[in-house]
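Quick look at my_file.cif (mmCIF, C-alpha atoms):
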data_structure
loop_
_atom_site.label_atom_id
_atom_site.label_comp_id
_atom_site.auth_asym_id
_atom_site.auth_seq_id
_atom_site.Cartn_x
_atom_site.Cartn_y
_atom_site.Cartn_z
CA MET A 2 95.31 6.68 -39.43
CA THR A 3 94.36 6.34 -35.77
CA HIS A 4 91.11 7.59 -34.30
CA TYR A 5 91.02 9.06 -30.84
CA SER A 6 88.48 7.76 -28.37
CA LEU A 7 87.33 8.32 -24.81
CA ALA A 8 89.05 5.07 -23.91
CA ASN A 9 92.52 6.46 -24.51
CA ARG A 10 91.90 10.08 -23.58
CA ASN A 11 94.10 9.88 -20.52
CA SER A 12 96.75 7.63 -21.99
CA LYS A 13 100.05 8.78 -23.44
CA MET A 14 99.55 10.72 -26.67
CA SER A 15 100.83 9.43 -29.98
CA ALA A 16 103.20 11.44 -32.15
CA PHE A 17 101.94 14.97 -32.73
CA GLY A 18 99.21 15.09 -35.39
CA THR A 19 98.87 11.34 -36.00
CA VAL A 20 95.65 10.74 -34.08
CA PHE A 21 92.29 12.11 -35.26
CA ALA A 22 88.74 12.53 -34.03
CA PRO A 23 86.44 10.11 -35.90
CA GLU A 24 84.55 12.87 -37.68
CA MET A 25 85.27 16.18 -39.39
CA SER A 26 83.09 19.05 -40.59
CA LEU A 27 82.97 19.48 -44.38
CA ALA A 28 81.42 21.79 -46.98
CA ARG A 29 81.58 21.74 -50.80
CA TYR A 30 81.81 24.64 -53.23
CA ASP A 31 80.14 24.12 -56.61
CA GLN A 32 78.33 26.32 -59.14
CA GLY A 33 79.21 29.46 -57.22
CA GLN A 34 77.95 28.51 -53.78
CA TRP A 35 78.78 26.54 -50.65
CA SER A 36 76.78 23.52 -49.53
CA ALA A 37 75.44 23.10 -46.02
CA THR A 38 78.05 21.81 -43.57
CA GLU A 39 78.09 18.08 -42.87
CA PHE A 40 79.74 15.92 -40.24
CA VAL A 41 81.45 13.08 -42.08
CA SER A 42 83.95 10.34 -41.29
CA SER A 43 87.51 11.69 -41.10
CA ASP A 44 89.12 8.53 -42.44
CA SER A 45 88.84 9.33 -46.16
CA LEU A 46 87.98 11.81 -48.92
CA ASN A 47 86.44 10.97 -52.28
CA LEU A 48 88.55 12.74 -54.91
CA HIS A 49 88.84 12.25 -58.65
CA PRO A 50 92.42 11.32 -59.67
CA GLY A 51 92.40 14.39 -61.89
CA ALA A 52 91.47 16.75 -59.04
CA HIS A 53 93.13 20.14 -59.36
CA VAL A 54 94.79 19.87 -55.93
CA LEU A 55 96.62 16.67 -56.90
CA HIS A 56 98.22 18.19 -60.00
CA TYR A 57 98.47 21.94 -59.40
CA SER A 58 98.70 22.19 -55.59
CA SER A 59 95.58 24.27 -55.03
CA THR A 60 95.61 23.73 -51.27
CA CYS A 61 95.96 25.76 -48.11
CA PHE A 62 95.35 25.10 -44.43
CA GLU A 63 95.51 26.51 -40.92
CA GLY A 64 96.61 25.23 -37.53
CA LEU A 65 95.04 26.40 -34.28
CA LYS A 66 94.20 24.92 -30.90
CA ALA A 67 91.38 24.51 -28.42
CA PHE A 68 92.20 24.38 -24.71
CA LYS A 69 90.36 23.00 -21.68
CA HIS A 70 90.33 25.35 -18.67
CA GLU A 71 90.04 24.43 -15.01
CA ASP A 72 86.33 25.33 -15.02
CA GLY A 73 85.76 22.73 -17.75
CA SER A 74 85.15 25.28 -20.50
CA ILE A 75 86.69 24.82 -23.96
CA ASN A 76 88.38 27.84 -25.52
CA ILE A 77 89.90 28.31 -29.00
CA PHE A 78 92.96 30.54 -29.34
CA ARG A 79 92.88 33.29 -32.00
CA MET A 80 90.31 31.62 -34.24
CA GLU A 81 89.33 34.82 -36.05
CA GLN A 82 92.92 35.48 -37.11
CA ASN A 83 93.32 31.94 -38.45
CA ILE A 84 90.10 32.24 -40.42
CA ALA A 85 91.27 35.54 -41.89
CA ARG A 86 94.58 33.99 -42.93
CA LEU A 87 92.85 31.01 -44.59
CA ILE A 88 90.67 33.43 -46.55
CA GLN A 89 93.81 35.32 -47.60
CA SER A 90 95.61 32.11 -48.62
CA SER A 91 92.57 30.98 -50.63
CA GLU A 92 92.48 34.30 -52.47
CA LEU A 93 96.20 34.21 -53.28
CA LEU A 94 95.84 30.64 -54.59
CA SER A 95 92.73 31.59 -56.62
CA LEU A 96 90.63 29.04 -54.77
CA PRO A 97 86.88 29.72 -54.40
CA PRO A 98 86.12 32.39 -51.76
CA VAL A 99 85.75 31.04 -48.24
CA ASN A 100 82.68 32.09 -46.27
CA ALA A 101 84.09 33.33 -42.95
CA GLY A 102 80.85 32.83 -41.04
CA GLN A 103 80.41 29.28 -42.26
CA LEU A 104 84.01 28.34 -41.48
CA LYS A 105 83.67 29.79 -37.98
CA LEU A 106 80.62 27.60 -37.35
CA MET A 107 82.38 24.57 -38.85
CA ILE A 108 85.18 25.00 -36.33
CA LEU A 109 82.95 25.72 -33.36
CA ASP A 110 80.52 22.89 -34.11
CA ILE A 111 83.12 20.15 -34.59
CA VAL A 112 85.04 21.24 -31.46
CA LYS A 113 81.81 21.32 -29.47
CA ARG A 114 80.94 17.87 -30.81
CA TYR A 115 84.22 16.48 -29.40
CA ALA A 116 84.54 18.81 -26.41
CA ALA A 117 84.79 15.84 -24.03
CA ASP A 118 87.92 14.70 -25.87
CA VAL A 119 89.89 17.93 -25.50
CA PRO A 120 92.90 16.95 -23.35
CA GLN A 121 93.73 18.66 -20.09
CA PRO A 122 96.70 21.09 -20.12
CA PRO A 123 99.41 20.86 -21.21
CA GLY A 124 97.58 18.99 -23.97
CA SER A 125 95.13 20.57 -26.40
CA MET A 126 92.91 19.87 -29.39
CA TYR A 127 94.75 20.77 -32.58
CA ILE A 128 92.39 22.09 -35.29
CA ARG A 129 93.27 21.86 -38.99
CA PRO A 130 90.93 23.69 -41.42
CA THR A 131 91.88 22.73 -44.98
CA HIS A 132 90.75 24.09 -48.37
CA ILE A 133 91.49 22.16 -51.60
CA GLY A 134 90.61 22.53 -55.27
CA THR A 135 88.65 19.51 -56.51
CA GLU A 136 87.74 20.15 -60.15
CA ALA A 137 88.65 17.14 -62.28
CA SER A 138 90.69 18.80 -65.03
CA ILE A 139 94.32 18.16 -65.83
CA GLY A 140 94.19 20.90 -68.46
CA LYS A 141 93.92 23.68 -65.91
CA ALA A 142 97.57 24.33 -65.13
CA ALA A 143 96.98 28.02 -65.81
CA ALA A 144 93.42 28.26 -64.48
CA PRO A 145 91.86 27.87 -61.03
CA SER A 146 89.60 25.10 -59.82
CA SER A 147 85.92 25.99 -60.01
CA THR A 148 85.04 23.55 -57.22
CA SER A 149 86.56 22.90 -53.82
CA LEU A 150 86.29 21.17 -50.46
CA LEU A 151 86.63 22.86 -47.08
CA TYR A 152 86.99 20.60 -44.07
CA VAL A 153 88.08 20.82 -40.44
CA LEU A 154 90.08 17.99 -38.85
CA LEU A 155 90.65 17.57 -35.12
CA SER A 156 93.72 15.98 -33.56
CA PRO A 157 94.17 15.73 -29.76
CA VAL A 158 97.79 16.42 -28.92
CA GLY A 159 99.86 16.15 -25.78
CA ASP A 160 102.66 18.29 -24.41
CA TYR A 161 105.02 19.13 -27.27
CA PHE A 162 107.92 18.93 -24.78
CA ALA A 163 106.77 15.74 -23.02
CA SER A 164 110.02 13.98 -23.86
CA GLY A 165 112.11 16.98 -22.90
CA SER A 166 113.35 19.85 -25.00
CA LYS A 167 116.80 20.98 -25.95
CA PRO A 168 117.85 24.07 -27.89
CA LEU A 169 117.76 23.58 -31.64
CA ARG A 170 120.57 23.65 -34.16
CA LEU A 171 119.87 25.78 -37.25
CA LEU A 172 121.76 25.79 -40.53
CA LEU A 173 121.77 29.24 -42.15
CA ALA A 174 121.18 28.76 -45.87
CA ASP A 175 121.51 31.33 -48.66
CA GLU A 176 118.37 30.12 -50.41
CA THR A 177 114.63 30.71 -50.37
CA ARG A 178 112.06 28.53 -48.66
CA CYS A 179 109.55 29.09 -51.48
CA ALA A 180 108.60 31.55 -54.22
CA SER A 181 108.98 35.01 -52.70
CA HIS A 182 105.48 36.17 -53.62
CA MET A 183 103.92 33.06 -52.04
CA GLY A 184 105.65 33.00 -48.66
CA MET A 185 102.67 34.48 -46.83
CA VAL A 186 100.41 31.66 -48.10
CA LYS A 187 100.04 28.69 -45.75
CA SER A 188 100.14 26.14 -48.54
CA GLY A 189 101.44 22.58 -48.68
CA GLY A 190 103.73 23.38 -51.61
CA ASN A 191 105.77 25.78 -49.49
CA TYR A 192 106.47 23.07 -46.93
CA ALA A 193 107.32 20.55 -49.64
CA SER A 194 109.87 22.91 -51.21
CA ALA A 195 111.68 23.25 -47.87
CA LEU A 196 111.87 19.54 -47.18
CA GLN A 197 114.98 18.62 -49.20
CA PRO A 198 117.15 21.42 -47.74
CA ILE A 199 116.05 20.37 -44.24
CA LEU A 200 116.86 16.69 -44.83
CA LYS A 201 120.26 17.58 -46.29
CA ALA A 202 121.02 19.82 -43.31
CA ARG A 203 120.15 17.04 -40.87
CA GLN A 204 122.43 14.63 -42.66
CA SER A 205 125.37 16.97 -43.27
CA VAL A 206 125.60 18.99 -40.04
CA GLN A 207 123.00 17.37 -37.75
CA ALA A 208 120.86 20.51 -37.89
CA ASP A 209 117.27 20.39 -36.67
CA GLN A 210 116.07 22.99 -39.14
CA VAL A 211 117.19 25.34 -41.90
CA LEU A 212 116.97 29.09 -41.39
CA PHE A 213 116.42 30.45 -44.89
CA CYS A 214 118.47 33.60 -45.51
CA PRO A 215 118.38 34.45 -49.24
CA GLY A 216 120.93 37.13 -50.05
CA GLY A 217 121.88 37.28 -46.38
CA ASP A 218 118.36 38.32 -45.31
CA VAL A 219 117.23 36.31 -42.27
CA GLN A 220 113.67 35.10 -42.93
CA GLU A 221 112.15 31.91 -41.43
CA THR A 222 112.70 28.19 -41.08
CA GLY A 223 110.79 25.48 -42.91
CA ALA A 224 107.88 25.62 -40.47
CA ALA A 225 108.37 28.50 -38.02
CA ASN A 226 109.16 32.18 -37.65
CA PHE A 227 112.53 33.24 -36.22
CA LEU A 228 113.10 35.64 -33.32
CA LEU A 229 116.35 37.04 -31.90
CA ILE A 230 116.43 38.36 -28.33
CA ASP A 231 119.23 40.74 -27.36
CA GLY A 232 118.78 42.16 -23.87
CA ASN A 233 115.45 43.98 -23.78
CA GLU A 234 115.07 43.94 -27.57
CA ILE A 235 113.35 41.29 -29.67
CA ILE A 236 114.18 41.39 -33.39
CA THR A 237 112.34 39.71 -36.25
CA LYS A 238 111.86 40.31 -39.95
CA SER A 239 109.17 42.85 -40.83
CA LEU A 240 106.13 41.45 -42.58
CA ASP A 241 106.18 41.11 -46.35
CA SER A 242 104.99 38.54 -48.89
CA SER A 243 108.14 36.38 -48.66
CA PHE A 244 107.38 34.57 -45.39
CA LEU A 245 104.46 33.42 -43.27
CA HIS A 246 102.74 36.00 -41.06
CA GLY A 247 102.69 33.81 -37.97
CA ILE A 248 99.85 34.25 -35.49
CA THR A 249 102.00 32.85 -32.68
CA ARG A 250 104.72 35.31 -33.78
CA HIS A 251 102.27 38.19 -33.44
CA SER A 252 101.10 36.92 -30.05
CA ILE A 253 104.65 36.64 -28.70
CA LEU A 254 105.57 40.12 -29.94
CA THR A 255 102.44 41.53 -28.29
CA LEU A 256 103.35 39.89 -24.97
CA ALA A 257 106.92 41.18 -25.33
CA ARG A 258 105.58 44.72 -25.67
CA ASP A 259 103.39 44.12 -22.61
CA ARG A 260 106.59 43.33 -20.70
CA GLY A 261 108.13 46.63 -21.79
CA MET A 262 110.46 45.06 -24.34
CA THR A 263 111.50 46.88 -27.51
CA VAL A 264 110.12 45.03 -30.53
CA SER A 265 112.04 45.65 -33.75
CA GLU A 266 110.36 44.33 -36.90
CA ARG A 267 112.98 45.03 -39.54
CA ALA A 268 115.53 43.54 -41.87
CA LEU A 269 118.09 41.36 -40.06
CA SER A 270 121.24 40.32 -41.89
CA VAL A 271 123.18 37.11 -41.29
CA ASP A 272 126.20 39.16 -40.22
CA GLU A 273 124.22 41.08 -37.61
CA LEU A 274 122.54 37.90 -36.40
CA LEU A 275 125.83 36.08 -35.86
CA GLU A 276 127.38 39.08 -34.11
CA ARG A 277 124.46 39.63 -31.75
CA ALA A 278 123.84 35.92 -31.10
CA GLN A 279 127.28 35.46 -29.56
CA LYS A 280 126.76 38.17 -26.94
CA PRO A 281 126.33 36.97 -23.34
CA GLY A 282 122.66 36.61 -22.54
CA ALA A 283 121.54 36.54 -26.18
CA GLU A 284 118.65 34.22 -27.04
CA ALA A 285 117.02 32.98 -30.23
CA ALA A 286 113.79 31.10 -30.75
CA LEU A 287 111.32 29.71 -33.28
CA SER A 288 107.63 30.50 -32.90
CA GLY A 289 104.72 28.37 -34.09
CA THR A 290 101.42 26.80 -33.07
CA ALA A 291 102.82 23.42 -32.02
CA ALA A 292 105.59 24.39 -29.60
CA VAL A 293 104.71 28.08 -29.10
CA LEU A 294 108.35 29.13 -28.64
CA THR A 295 111.34 26.80 -29.04
CA SER A 296 114.86 27.85 -28.07
CA VAL A 297 117.71 27.92 -30.58
CA GLY A 298 121.16 27.11 -29.15
CA THR A 299 123.40 26.84 -32.21
CA LEU A 300 123.67 28.59 -35.57
CA ILE A 301 125.71 26.95 -38.34
CA HIS A 302 127.10 29.10 -41.15
CA ASP A 303 129.82 28.44 -43.73
CA GLY A 304 131.01 25.36 -41.88
CA LYS A 305 131.34 27.11 -38.52
CA GLU A 306 129.15 26.75 -35.44
CA TYR A 307 128.07 29.78 -33.41
CA THR A 308 126.65 29.33 -29.92
CA VAL A 309 123.67 31.54 -29.14
CA GLY A 310 124.33 33.09 -25.72
CA ASP A 311 125.27 30.20 -23.44
CA GLY A 312 123.65 27.66 -25.77
CA GLU A 313 120.79 26.93 -23.39
CA ALA A 314 117.13 27.90 -23.28
CA GLY A 315 117.05 31.51 -22.13
CA PRO A 316 114.92 33.05 -19.37
CA ILE A 317 113.11 35.51 -21.67
CA THR A 318 112.17 32.77 -24.14
CA ASN A 319 110.88 30.62 -21.30
CA ALA A 320 108.95 33.52 -19.76
CA LEU A 321 107.27 34.51 -23.03
CA ARG A 322 106.29 30.91 -23.76
CA GLN A 323 104.86 30.52 -20.26
CA ALA A 324 102.97 33.81 -20.52
CA LEU A 325 101.29 32.66 -23.72
CA ASN A 326 100.56 29.19 -22.31
CA ASP A 327 98.99 30.75 -19.22
CA ILE A 328 96.53 32.70 -21.37
CA GLN A 329 95.73 29.65 -23.49
CA TRP A 330 95.22 27.46 -20.42
CA GLY A 331 93.08 30.06 -18.61
CA LYS A 332 95.65 30.69 -15.89
CA ALA A 333 96.13 34.36 -16.82
CA ALA A 334 93.71 37.07 -17.91
CA ASP A 335 92.99 37.22 -21.65
CA THR A 336 93.46 40.99 -21.88
CA HIS A 337 93.77 40.94 -25.68
CA GLY A 338 90.55 39.03 -26.37
CA TRP A 339 92.34 36.11 -28.02
CA LEU A 340 90.11 33.29 -26.71
CA THR A 341 86.74 32.18 -28.10
CA LYS A 342 84.67 30.17 -25.64
CA VAL A 343 83.08 27.13 -27.30
CA CYS A 344 81.21 25.66 -24.37
#

Could you spell out this file's structure in structure tokens?
Amino acid sequence: MTHYSLANRNSKMSAFGTVFAPEMSLARYDQGQWSATEFVSSDSLNLHPGAHVLHYSSTCFEGLKAFKHEDGSINIFRMEQNIARLIQSSELLSLPPVNAGQLKLMILDIVKRYAADVPQPPGSMYIRPTHIGTEASIGKAAAPSSTSLLYVLLSPVGDYFASGSKPLRLLLADETRCASHMGMVKSGGNYASALQPILKARQSVQADQVLFCPGGDVQETGAANFLLIDGNEIITKSLDSSFLHGITRHSILTLARDRGMTVSERALSVDELLERAQKPGAEAALSGTAAVLTSVGTLIHDGKEYTVGDGEAGPITNALRQALNDIQWGKAADTHGWLTKVC
């Protein structure tokens, strides 16, 4: 692990998510209550080898960002929504209940503590609240952990597209990313279950990601929501328990409506996707915290490649990404109240 310091604040950033602030905020749940928050070293955790999280995957997390504006203020994007989703994930995993007020202060206080280290745009401070079950009991495969840890890591990150971006290649797979009733949980196990299909797709057809389409129903990739843009319409799967309810997804759809676009949240079949994607001017993209909106240029299905539109990053995708970046960076009015000023 590498710590970030003032000395390298202006130097080239390391790979996304590999550099950390030297401290994190942490609270413990035991005997039905949360401890006071502490600032502790971020280089290690003290866990029993029999901790529930290590055997039964009682873990969930969030990813959000803090941005430095031209006036020097630090602003966190959609913190309340990320806190609400972590509370939901904790409930669905039967982890101890998260105190929303305490978690909010944990995030604000650690970001304020390292406010001087928040990079200038297009960089940001990535924030990773994490909740894990810690009870030492390997006999609790069918019971929840009675104790847990909640901590907030910080990782300064640079421009996701610093080395240039090119439209992604997606393999359409007739399989599920994770258990259908757990898709809306932001849990490590869901990402682990998608890893082998992704690695196989990279090796077999040089795909960047897998678009999971069980039974021909277009859902999401291993780490991002999927959007199809056809003219003035943006199409994405309607929310249910089978896939992650992305906060960036919601933000992009809101901005699309602001632009007068038709937003269709509904079932999208593989057949309809492939038909629409080949139309002139069609665009497709993946949405997520890291890259905001990443263009998709090629879809691979049953051994055949389908070019999305002209295969390049489309103007609507670029415009929506820029519109969201402008709000995050303080270059456009925050008309939806998405930013929380830290200091």

Item checked: Exercise: segment 107-119 of chain A partners within 10 Å, all atoms listed in the file, chain neighbours under 3 positions left out, as JSON, numbers by chain -> {"A": [5, 6, 7, 8, 9, 10, 11, 22, 23, 24, 25, 26, 27, 28, 38, 39, 40, 66, 67, 68, 69, 73, 74, 75, 76, 77, 80, 84, 101, 102, 103, 104, 122, 124, 125, 126, 127, 128, 129, 130, 151, 152, 153, 154, 155, 156, 157, 158, 341, 342, 343, 344]}

File of the preceding selection, C-alpha atoms, as an mmCIF file, in the frame of the given file:
data_model
loop_
_atom_site.group_PDB
_atom_site.id
_atom_site.type_symbol
_atom_site.label_atom_id
_atom_site.label_comp_id
_atom_site.auth_asym_id
_atom_site.auth_seq_id
_atom_site.Cartn_x
_atom_site.Cartn_y
_atom_site.Cartn_z
ATOM 1 C CA TYR A 5 91.020 9.060 -30.840
ATOM 2 C CA SER A 6 88.480 7.760 -28.370
ATOM 3 C CA LEU A 7 87.330 8.320 -24.810
ATOM 4 C CA ALA A 8 89.050 5.070 -23.910
ATOM 5 C CA ASN A 9 92.520 6.460 -24.510
ATOM 6 C CA ARG A 10 91.900 10.080 -23.580
ATOM 7 C CA ASN A 11 94.100 9.880 -20.520
ATOM 8 C CA ALA A 22 88.740 12.530 -34.030
ATOM 9 C CA PRO A 23 86.440 10.110 -35.900
ATOM 10 C CA GLU A 24 84.550 12.870 -37.680
ATOM 11 C CA MET A 25 85.270 16.180 -39.390
ATOM 12 C CA SER A 26 83.090 19.050 -40.590
ATOM 13 C CA LEU A 27 82.970 19.480 -44.380
ATOM 14 C CA ALA A 28 81.420 21.790 -46.980
ATOM 15 C CA THR A 38 78.050 21.810 -43.570
ATOM 16 C CA GLU A 39 78.090 18.080 -42.870
ATOM 17 C CA PHE A 40 79.740 15.920 -40.240
ATOM 18 C CA LYS A 66 94.200 24.920 -30.900
ATOM 19 C CA ALA A 67 91.380 24.510 -28.420
ATOM 20 C CA PHE A 68 92.200 24.380 -24.710
ATOM 21 C CA LYS A 69 90.360 23.000 -21.680
ATOM 22 C CA GLY A 73 85.760 22.730 -17.750
ATOM 23 C CA SER A 74 85.150 25.280 -20.500
ATOM 24 C CA ILE A 75 86.690 24.820 -23.960
ATOM 25 C CA ASN A 76 88.380 27.840 -25.520
ATOM 26 C CA ILE A 77 89.900 28.310 -29.000
ATOM 27 C CA MET A 80 90.310 31.620 -34.240
ATOM 28 C CA ILE A 84 90.100 32.240 -40.420
ATOM 29 C CA ALA A 101 84.090 33.330 -42.950
ATOM 30 C CA GLY A 102 80.850 32.830 -41.040
ATOM 31 C CA GLN A 103 80.410 29.280 -42.260
ATOM 32 C CA LEU A 104 84.010 28.340 -41.480
ATOM 33 C CA PRO A 122 96.700 21.090 -20.120
ATOM 34 C CA GLY A 124 97.580 18.990 -23.970
ATOM 35 C CA SER A 125 95.130 20.570 -26.400
ATOM 36 C CA MET A 126 92.910 19.870 -29.390
ATOM 37 C CA TYR A 127 94.750 20.770 -32.580
ATOM 38 C CA ILE A 128 92.390 22.090 -35.290
ATOM 39 C CA ARG A 129 93.270 21.860 -38.990
ATOM 40 C CA PRO A 130 90.930 23.690 -41.420
ATOM 41 C CA LEU A 151 86.630 22.860 -47.080
ATOM 42 C CA TYR A 152 86.990 20.600 -44.070
ATOM 43 C CA VAL A 153 88.080 20.820 -40.440
ATOM 44 C CA LEU A 154 90.080 17.990 -38.850
ATOM 45 C CA LEU A 155 90.650 17.570 -35.120
ATOM 46 C CA SER A 156 93.720 15.980 -33.560
ATOM 47 C CA PRO A 157 94.170 15.730 -29.760
ATOM 48 C CA VAL A 158 97.790 16.420 -28.920
ATOM 49 C CA THR A 341 86.740 32.180 -28.100
ATOM 50 C CA LYS A 342 84.670 30.170 -25.640
ATOM 51 C CA VAL A 343 83.080 27.130 -27.300
ATOM 52 C CA CYS A 344 81.210 25.660 -24.370
#

Notebook entry, point to check: Near segment 207-211 of chain A, within 8 Å and counting all atoms listed in the file, which residues show up once chain neighbours fewer than 2 positions away are dropped, as a ChimeraX atom specification?
Noted result: /A:169-174,198-199,202-205,213,222-223

Next item on the list: Using all atoms listed in the file, find the one residue out of A:Ala85, A:Val20, A:Val219, A:Ala143 that sits nearest to Thr237 of chain A.
Entry: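 Using all atoms listed in the file, Thr237 of chain A sits closest to A:Val219.
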
Item checked: Interatomic distance, atom CA of Leu65 of chain A to atom CA of Ala257 of chain A (Å, one decimal) ->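 Here the two named atoms are 21.0 Å from each other.
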
Check: Within 10 Å of Asn319 of chain A, counting all atoms listed in the file, which residues qualify if same-chain residues fewer than 4 places away don't, as a count of residues only?
Finding: 8

For Val271 of chain A, list every protein, DNA or RNA residue within 12 Å, evaluated using only C-alpha atoms, and leave out those in the same chain fewer than 2 positions away; present the list as a PDB file with C-alpha atoms, in the frame of the given file.
ATOM      1  CA  LEU A 172     121.760  25.790 -40.530  1.00  0.00           C
ATOM      2  CA  LEU A 173     121.770  29.240 -42.150  1.00  0.00           C
ATOM      3  CA  ALA A 174     121.180  28.760 -45.870  1.00  0.00           C
ATOM      4  CA  ASP A 175     121.510  31.330 -48.660  1.00  0.00           C
ATOM      5  CA  LEU A 212     116.970  29.090 -41.390  1.00  0.00           C
ATOM      6  CA  PHE A 213     116.420  30.450 -44.890  1.00  0.00           C
ATOM      7  CA  CYS A 214     118.470  33.600 -45.510  1.00  0.00           C
ATOM      8  CA  PRO A 215     118.380  34.450 -49.240  1.00  0.00           C
ATOM      9  CA  GLY A 216     120.930  37.130 -50.050  1.00  0.00           C
ATOM     10  CA  GLY A 217     121.880  37.280 -46.380  1.00  0.00           C
ATOM     11  CA  ASP A 218     118.360  38.320 -45.310  1.00  0.00           C
ATOM     12  CA  VAL A 219     117.230  36.310 -42.270  1.00  0.00           C
ATOM     13  CA  GLN A 220     113.670  35.100 -42.930  1.00  0.00           C
ATOM     14  CA  LEU A 229     116.350  37.040 -31.900  1.00  0.00           C
ATOM     15  CA  LYS A 238     111.860  40.310 -39.950  1.00  0.00           C
ATOM     16  CA  ALA A 268     115.530  43.540 -41.870  1.00  0.00           C
ATOM     17  CA  LEU A 269     118.090  41.360 -40.060  1.00  0.00           C
ATOM     18  CA  GLU A 273     124.220  41.080 -37.610  1.00  0.00           C
ATOM     19  CA  LEU A 274     122.540  37.900 -36.400  1.00  0.00           C
ATOM     20  CA  LEU A 275     125.830  36.080 -35.860  1.00  0.00           C
ATOM     21  CA  GLU A 276     127.380  39.080 -34.110  1.00  0.00           C
ATOM     22  CA  ARG A 277     124.460  39.630 -31.750  1.00  0.00           C
ATOM     23  CA  ALA A 278     123.840  35.920 -31.100  1.00  0.00           C
ATOM     24  CA  LEU A 300     123.670  28.590 -35.570  1.00  0.00           C
ATOM     25  CA  ILE A 301     125.710  26.950 -38.340  1.00  0.00           C
ATOM     26  CA  HIS A 302     127.100  29.100 -41.150  1.00  0.00           C
ATOM     27  CA  ASP A 303     129.820  28.440 -43.730  1.00  0.00           C
ATOM     28  CA  TYR A 307     128.070  29.780 -33.410  1.00  0.00           C
TER      29      TYR A 307
END

Next item on the list: Could you check how far atom CA of Trp330 of chain A sits from atom CA of Ser90 of chain A, in Å to one decimal?
Entry: 28.6 Å

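The spacing separating atom CA of Ile133 of chain A from atom CA of Ser45 of chain A amounts to 14.2 Å.
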
Margin query: What would the selection look like, as a count of residues only, if the PyMOL selection byres ((chain A and resi 289) around 10) were run on the coordinates I just shared?
Written below: 19

Next item on the list: Please write the residues picked by the PyMOL selection byres ((chain A and resi 254) around 10) on this file as a list in words.
Entry: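 That expression, the PyMOL selection byres ((chain A and resi 254) around 10), corresponds here to Leu228, Ile235, Ile236, Thr237, Ile248, Thr249, Arg250, His251, Ser252, Ile253, Thr255, Leu256, Ala257, Arg258, Asp259, Arg260, Met262, Thr263, Val264, Ser265, Glu266 and Leu321 of chain A.
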
Next item on the list: Would you list the contacts of Gly282 of chain A as a ChimeraX atom specification, taking every protein, DNA or RNA residue within 12 Å and counting only C-alpha atoms, but skipping same-chain residues closer than 4 positions in sequence?
Entry: /A:229-234,277-278,298,308-318

With the file shown as input, list the residues that the PyMOL selection byres ((chain A and resi 179) around 8) selects, as a PDB file with C-alpha atoms, in the coordinates of the input.
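Listing of expr03.pdb after writing:
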ATOM      1  CA  THR A 177     114.630  30.710 -50.370  1.00  0.00           C
ATOM      2  CA  ARG A 178     112.060  28.530 -48.660  1.00  0.00           C
ATOM      3  CA  ALA A 180     108.600  31.550 -54.220  1.00  0.00           C
ATOM      4  CA  SER A 181     108.980  35.010 -52.700  1.00  0.00           C
ATOM      5  CA  MET A 183     103.920  33.060 -52.040  1.00  0.00           C
ATOM      6  CA  GLY A 184     105.650  33.000 -48.660  1.00  0.00           C
ATOM      7  CA  ASN A 191     105.770  25.780 -49.490  1.00  0.00           C
ATOM      8  CA  SER A 194     109.870  22.910 -51.210  1.00  0.00           C
ATOM      9  CA  ALA A 195     111.680  23.250 -47.870  1.00  0.00           C
ATOM     10  CA  SER A 243     108.140  36.380 -48.660  1.00  0.00           C
TER      11      SER A 243
END

Box along x, y and z, 4 Å on every side, all listed atoms of segment 201-212 of chain A inside: centre and edge lengths in Å to one decimal, as lines of an AutoDock Vina configuration file.
center_x = 120.8
center_y = 21.9
center_z = -41.5
size_x = 17.5
size_y = 22.5
size_z = 17.6
